[in-house]
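Data first, discussion second: the structure below is written as structure tokens.
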There are 2 protein chains.
Amino acid sequence: MEFSSKLIQNAVNEISQLPGIGKRTALRLVLHLLRQPNSQTEELAKSLVSVKNEIKFCSVCNNISDNQICEICANPKRDNSILCIVEDIRDVMAIESTSSFKGLYHVLGGKISPMDGIGPDDLNIDSLVEKVKSGEVKELIFALSSTMEGDTTNFYIYKLIGQFNVVTSTIARGVSVGDDLEYADEITLGRSIINRIPFENSIKN
Amino acid sequence: MEFSSKLIQNAVNEISQLPGIGKRTALRLVLHLLRQPNSQTEELAKSLVSVKNEIKFCSVCNNISDNQICEICANPKRDNSILCIVEDIRDVMAIESTSSFKGLYHVLGGKISPMDGIGPDDLNIDSLVEKVKSGEVKELIFALSSTMEGDTTNFYIYKLIGQFNVVTSTIARGVSVGDDLEYADEITLGRSIINRIPFENSIKN
């Protein structure tokens with residue numbers, strides 16, 4: 001793409017480095033900003049710089065937080081004997097929005113993925129093992145995504161903590177609530193039959 | 001969506017004001033930036049502010065430019081008797097990349113769209129009429145998009161300049177080069193039959 005302006009070219013190049021945004025979309029965004037008042041661009045730029053410079057990570061669970069310890073870990077009403085292992089803060093937000101979990105989280109910051117050059121040392125696994133070792137945690141819930149990388153990470157952690165006295169579980173996989181069976185994929189449907197639950201449990205919620 | 005951090009919330013709100021970007025995508029972008037080196041966010045923020053503050057519009061054609069007059073208008077080899085009317089700079093870039101046009105452009109900055117509150121006064125139509133009035137322009141090519149708004153804008157301008165001695169044309173509408181006829185929509189195919197061209201012309205390019 002040829003640009004008649006170095007400024008535009010620069011902005012498009014920077015924006016198109018973001019994931020899922022190509023040069024055409026970047027140009028559309030720049031042209032949009034040019035039509036808006038100056039304040040919008042300045043607010044946008046300021047918020048990006050400040051989120052990057054001022055954000056903290058919770059020293060307990062690695063969740064993103066404005067303070068040293070995040071609101072969830074600091075909440076005395078949460079059950080600190082149950083720990084839910086997730087990939088990133090989006091998963092924390094997703095589970096929090098269900099209001100179904102009253103324990104604490106442990107954010108790994110990704111999953112083991114040799115293809116992307118991410119090994120166990122790049123994730124917050126050591127601090128997880130420390131927590132389990134301390135004996136404070138009674139149950140670990142694996143809530144990673146159901147992919148090859150997620151399963152690998154699950155298994156790696158499972159092996160590491162095998163020597164400690166802790167109950168482990170993974171979130172249930174099955175047909176979504178409200179979904180027709182005919183549209184479910186075979187693997188999901190198959191797993192939902194193998195891991196069927198007592199009928200009385202299904203009517204509790 | 002509930003955020004555990006005001007900084008994240010702020011950044012997500014600002015980013016999701018951009019067209020085509022919702023809160024989920026905005027959050028994905030913020031989390032991506034948090035994983036990148038500080039310099040990337042700073043470069044991005046700087047490029048956005050500088051494109052907004054320093055960009056100039058060519059005083060002749062309203063194209064975006066780093067100087068008072070854009071490279072196209074300043075080029076003595078371009079034919080200033082042919083003027084191509086386009087909506088915005090993306091159209092200039094698209095036509096320039098074909099290398100099929102050696103005249104100058106006139107960027108309207110949008111099209112007449114009462115639904116979006118855009119009337120003729122919001123567009124660069126007056127300066128276009130001035131150019132035609134001066135007698136310098138011999139031919140006007142309408143290259144607006146083929147929508148209700150584009151056609152309205154074409155017609156509005158056509159009426160305004162009707163009194164002057166200038167040849168007008170619109171870019172050809174028809175089946176795309178390389179497309180199968182069966183996949184062309186009826187209106188496009190219909191127009192391409194009505195506006196058929198002498199066979200000799202089609203083999204010239």
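Chain lettering (A, B, ...) mirrors the order of the structure tokens, residue numbering begins at 1 for each chain separately, and ligand numbering begins at 1 in order of display.
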When DSSP is applied to the backbone of this structure, which of segment 58-146 of chain A are assigned alpha helix (DSSP H)? Write them out as a count of residues only. 20
Please identify every residue of chain B that has at least one atom no farther than 6 Å from an atom of chain A, counting only C-alpha atoms, and for each give the shortest atom pair and the distance in Å to one decimal, arranged by chain then increasing number, as a Markdown table.
```
| residue | atom | partner | partner_atom | distance |
| --- | --- | --- | --- | --- |
| B:Ser4 | CA | A:Ser65 | CA | 5.9 |
| B:Ser5 | CA | A:Ser65 | CA | 5.1 |
| B:Leu7 | CA | A:Val51 | CA | 5.2 |
| B:Ala11 | CA | A:Ser47 | CA | 5.0 |
| B:Glu14 | CA | A:Leu44 | CA | 5.3 |
| B:Leu34 | CA | A:Lys52 | CA | 5.8 |
| B:Leu44 | CA | A:Glu14 | CA | 5.3 |
| B:Ala45 | CA | A:Ala45 | CA | 4.4 |
| B:Ser47 | CA | A:Ala11 | CA | 5.0 |
| B:Leu48 | CA | A:Ala11 | CA | 5.8 |
| B:Val51 | CA | A:Leu7 | CA | 5.2 |
| B:Lys52 | CA | A:Leu34 | CA | 5.8 |
| B:Ser65 | CA | A:Ser5 | CA | 5.1 |
| B:Asp66 | CA | A:Ser5 | CA | 5.3 |
```
Just to be explicit: take each residue in the selection above, keep N, CA and C atoms, and write the result as a compact mmCIF listing (two decimals), in the first residue's frame.
```txt
# COMPACT_ATOMS: atom_id res chain seq x y z
N SER B 4 -11.21 -5.80 36.66
CA SER B 4 -10.61 -5.73 37.98
C SER B 4 -9.68 -4.53 38.09
N SER B 5 -9.56 -3.77 37.03
CA SER B 5 -8.62 -2.64 37.02
C SER B 5 -9.23 -1.46 36.29
N LEU B 7 -7.60 1.02 35.11
CA LEU B 7 -6.73 1.36 33.98
C LEU B 7 -7.14 0.57 32.74
N ALA B 11 -8.78 1.98 29.19
CA ALA B 11 -8.19 1.71 27.87
C ALA B 11 -9.19 0.98 26.98
N GLU B 14 -11.80 3.41 25.67
CA GLU B 14 -11.29 4.30 24.62
C GLU B 14 -11.13 3.54 23.30
N LEU B 34 0.07 -5.32 26.77
CA LEU B 34 0.71 -5.55 28.07
C LEU B 34 1.83 -6.58 27.97
N LEU B 44 3.08 3.57 19.34
CA LEU B 44 1.69 3.58 18.86
C LEU B 44 0.99 4.86 19.30
N ALA B 45 1.11 5.18 20.58
CA ALA B 45 0.44 6.37 21.12
C ALA B 45 0.99 7.63 20.43
N SER B 47 2.42 7.91 17.46
CA SER B 47 2.05 8.01 16.05
C SER B 47 0.61 8.47 15.90
N LEU B 48 -0.26 8.04 16.85
CA LEU B 48 -1.67 8.45 16.77
C LEU B 48 -1.81 9.95 17.02
N VAL B 51 -0.19 11.94 14.03
CA VAL B 51 -0.95 11.94 12.77
C VAL B 51 -2.15 12.88 12.92
N LYS B 52 -2.72 12.90 14.12
CA LYS B 52 -3.90 13.76 14.34
C LYS B 52 -3.52 15.24 14.37
N SER B 65 -1.98 14.98 3.14
CA SER B 65 -0.63 15.27 2.65
C SER B 65 0.24 15.76 3.79
N ASP B 66 1.54 15.59 3.66
CA ASP B 66 2.44 16.13 4.68
C ASP B 66 2.77 17.59 4.40
```
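Proximity to Met148 of chain A was assessed for A:Pro120, A:Gly174, A:Pro114, A:Gly162 counting only C-alpha atoms; the smallest distance is recorded for A:Pro114.
Using only C-alpha atoms for every distance, the candidate list B:Arg191, B:Tyr183, B:Val60, B:Ile82 yields B:Val60 as the residue closest to Glu130 of chain B.
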Residue contacts of Gly150 of chain A (10 Å, only C-alpha atoms) excluding same-chain residues fewer than 5 positions away, as a ChimeraX atom specification: /A:86-87,110-113,142-145,155-156
Same residues, N, CA and C atoms, output as a compact mmCIF listing (two decimals), in the first residue's frame:
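This went into again-v3.txt:
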```txt
# COMPACT_ATOMS: atom_id res chain seq x y z
N VAL A 86 -6.27 -20.67 35.53
CA VAL A 86 -6.72 -20.17 34.24
C VAL A 86 -5.54 -19.61 33.45
N GLU A 87 -5.79 -19.39 32.15
CA GLU A 87 -4.72 -18.88 31.29
C GLU A 87 -4.45 -17.39 31.48
N GLY A 110 -0.72 -17.81 30.19
CA GLY A 110 -0.58 -18.49 28.91
C GLY A 110 -0.65 -19.99 29.11
N LYS A 111 -0.29 -20.73 28.07
CA LYS A 111 -0.23 -22.18 28.21
C LYS A 111 1.03 -22.68 27.49
N ILE A 112 1.47 -23.86 27.85
CA ILE A 112 2.68 -24.41 27.25
C ILE A 112 2.44 -24.62 25.76
N SER A 113 3.25 -23.99 24.93
CA SER A 113 3.05 -24.09 23.49
C SER A 113 4.40 -23.99 22.80
N PHE A 142 -8.74 -27.19 37.18
CA PHE A 142 -8.10 -26.81 35.92
C PHE A 142 -9.15 -26.22 35.00
N ALA A 143 -8.99 -24.97 34.64
CA ALA A 143 -9.97 -24.33 33.73
C ALA A 143 -9.25 -23.75 32.51
N LEU A 144 -8.33 -24.53 31.96
CA LEU A 144 -7.64 -24.09 30.74
C LEU A 144 -8.49 -24.46 29.53
N SER A 145 -8.18 -23.86 28.38
CA SER A 145 -8.98 -24.17 27.21
C SER A 145 -8.70 -25.61 26.76
N PHE A 155 -1.62 -31.37 32.12
CA PHE A 155 -0.92 -32.61 32.47
C PHE A 155 0.42 -32.32 33.13
N TYR A 156 1.11 -31.30 32.62
CA TYR A 156 2.40 -30.91 33.18
C TYR A 156 2.24 -30.51 34.65
```
Determine, counting only C-alpha atoms, which protein, DNA and RNA residues have an atom within 10 Å of an atom of Gly135 of chain B; residues of the same chain fewer than 5 positions away are not included. Present the result as a compact mmCIF listing (two decimals) with C-alpha atoms, in the first residue's frame.
```txt
# COMPACT_ATOMS: atom_id res chain seq x y z
CA SER B 81 -7.76 19.13 -17.18
CA GLU B 130 -14.96 26.79 -8.33
CA PHE B 164 -20.63 24.84 -17.27
CA ASN B 165 -18.95 23.42 -20.32
CA VAL B 166 -17.46 20.22 -18.96
```
So the first atom is atom CA of Thr170 of chain A and the second is atom CA of Met115 of chain A; what is the distance between them in Å, to one decimal place? 24.4 Å
DSSP on the backbone: what in segment 159-203 of chain B comes out strand (DSSP E), as a list in words? Val167, Thr168, Ser169 and Thr170 of chain B
Interatomic distance (Å, one decimal) between atom CA of Glu136 of chain B and atom CA of Asn80 of chain B: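 Going from atom CA of Glu136 of chain B over to atom CA of Asn80 of chain B covers 7.5 Å.
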What separation in Å, quoted to one decimal, exists between atom CA of Ser202 of chain A and atom CA of Lys102 of chain A?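 Separating atom CA of Ser202 of chain A from atom CA of Lys102 of chain A is a distance of 19.9 Å.
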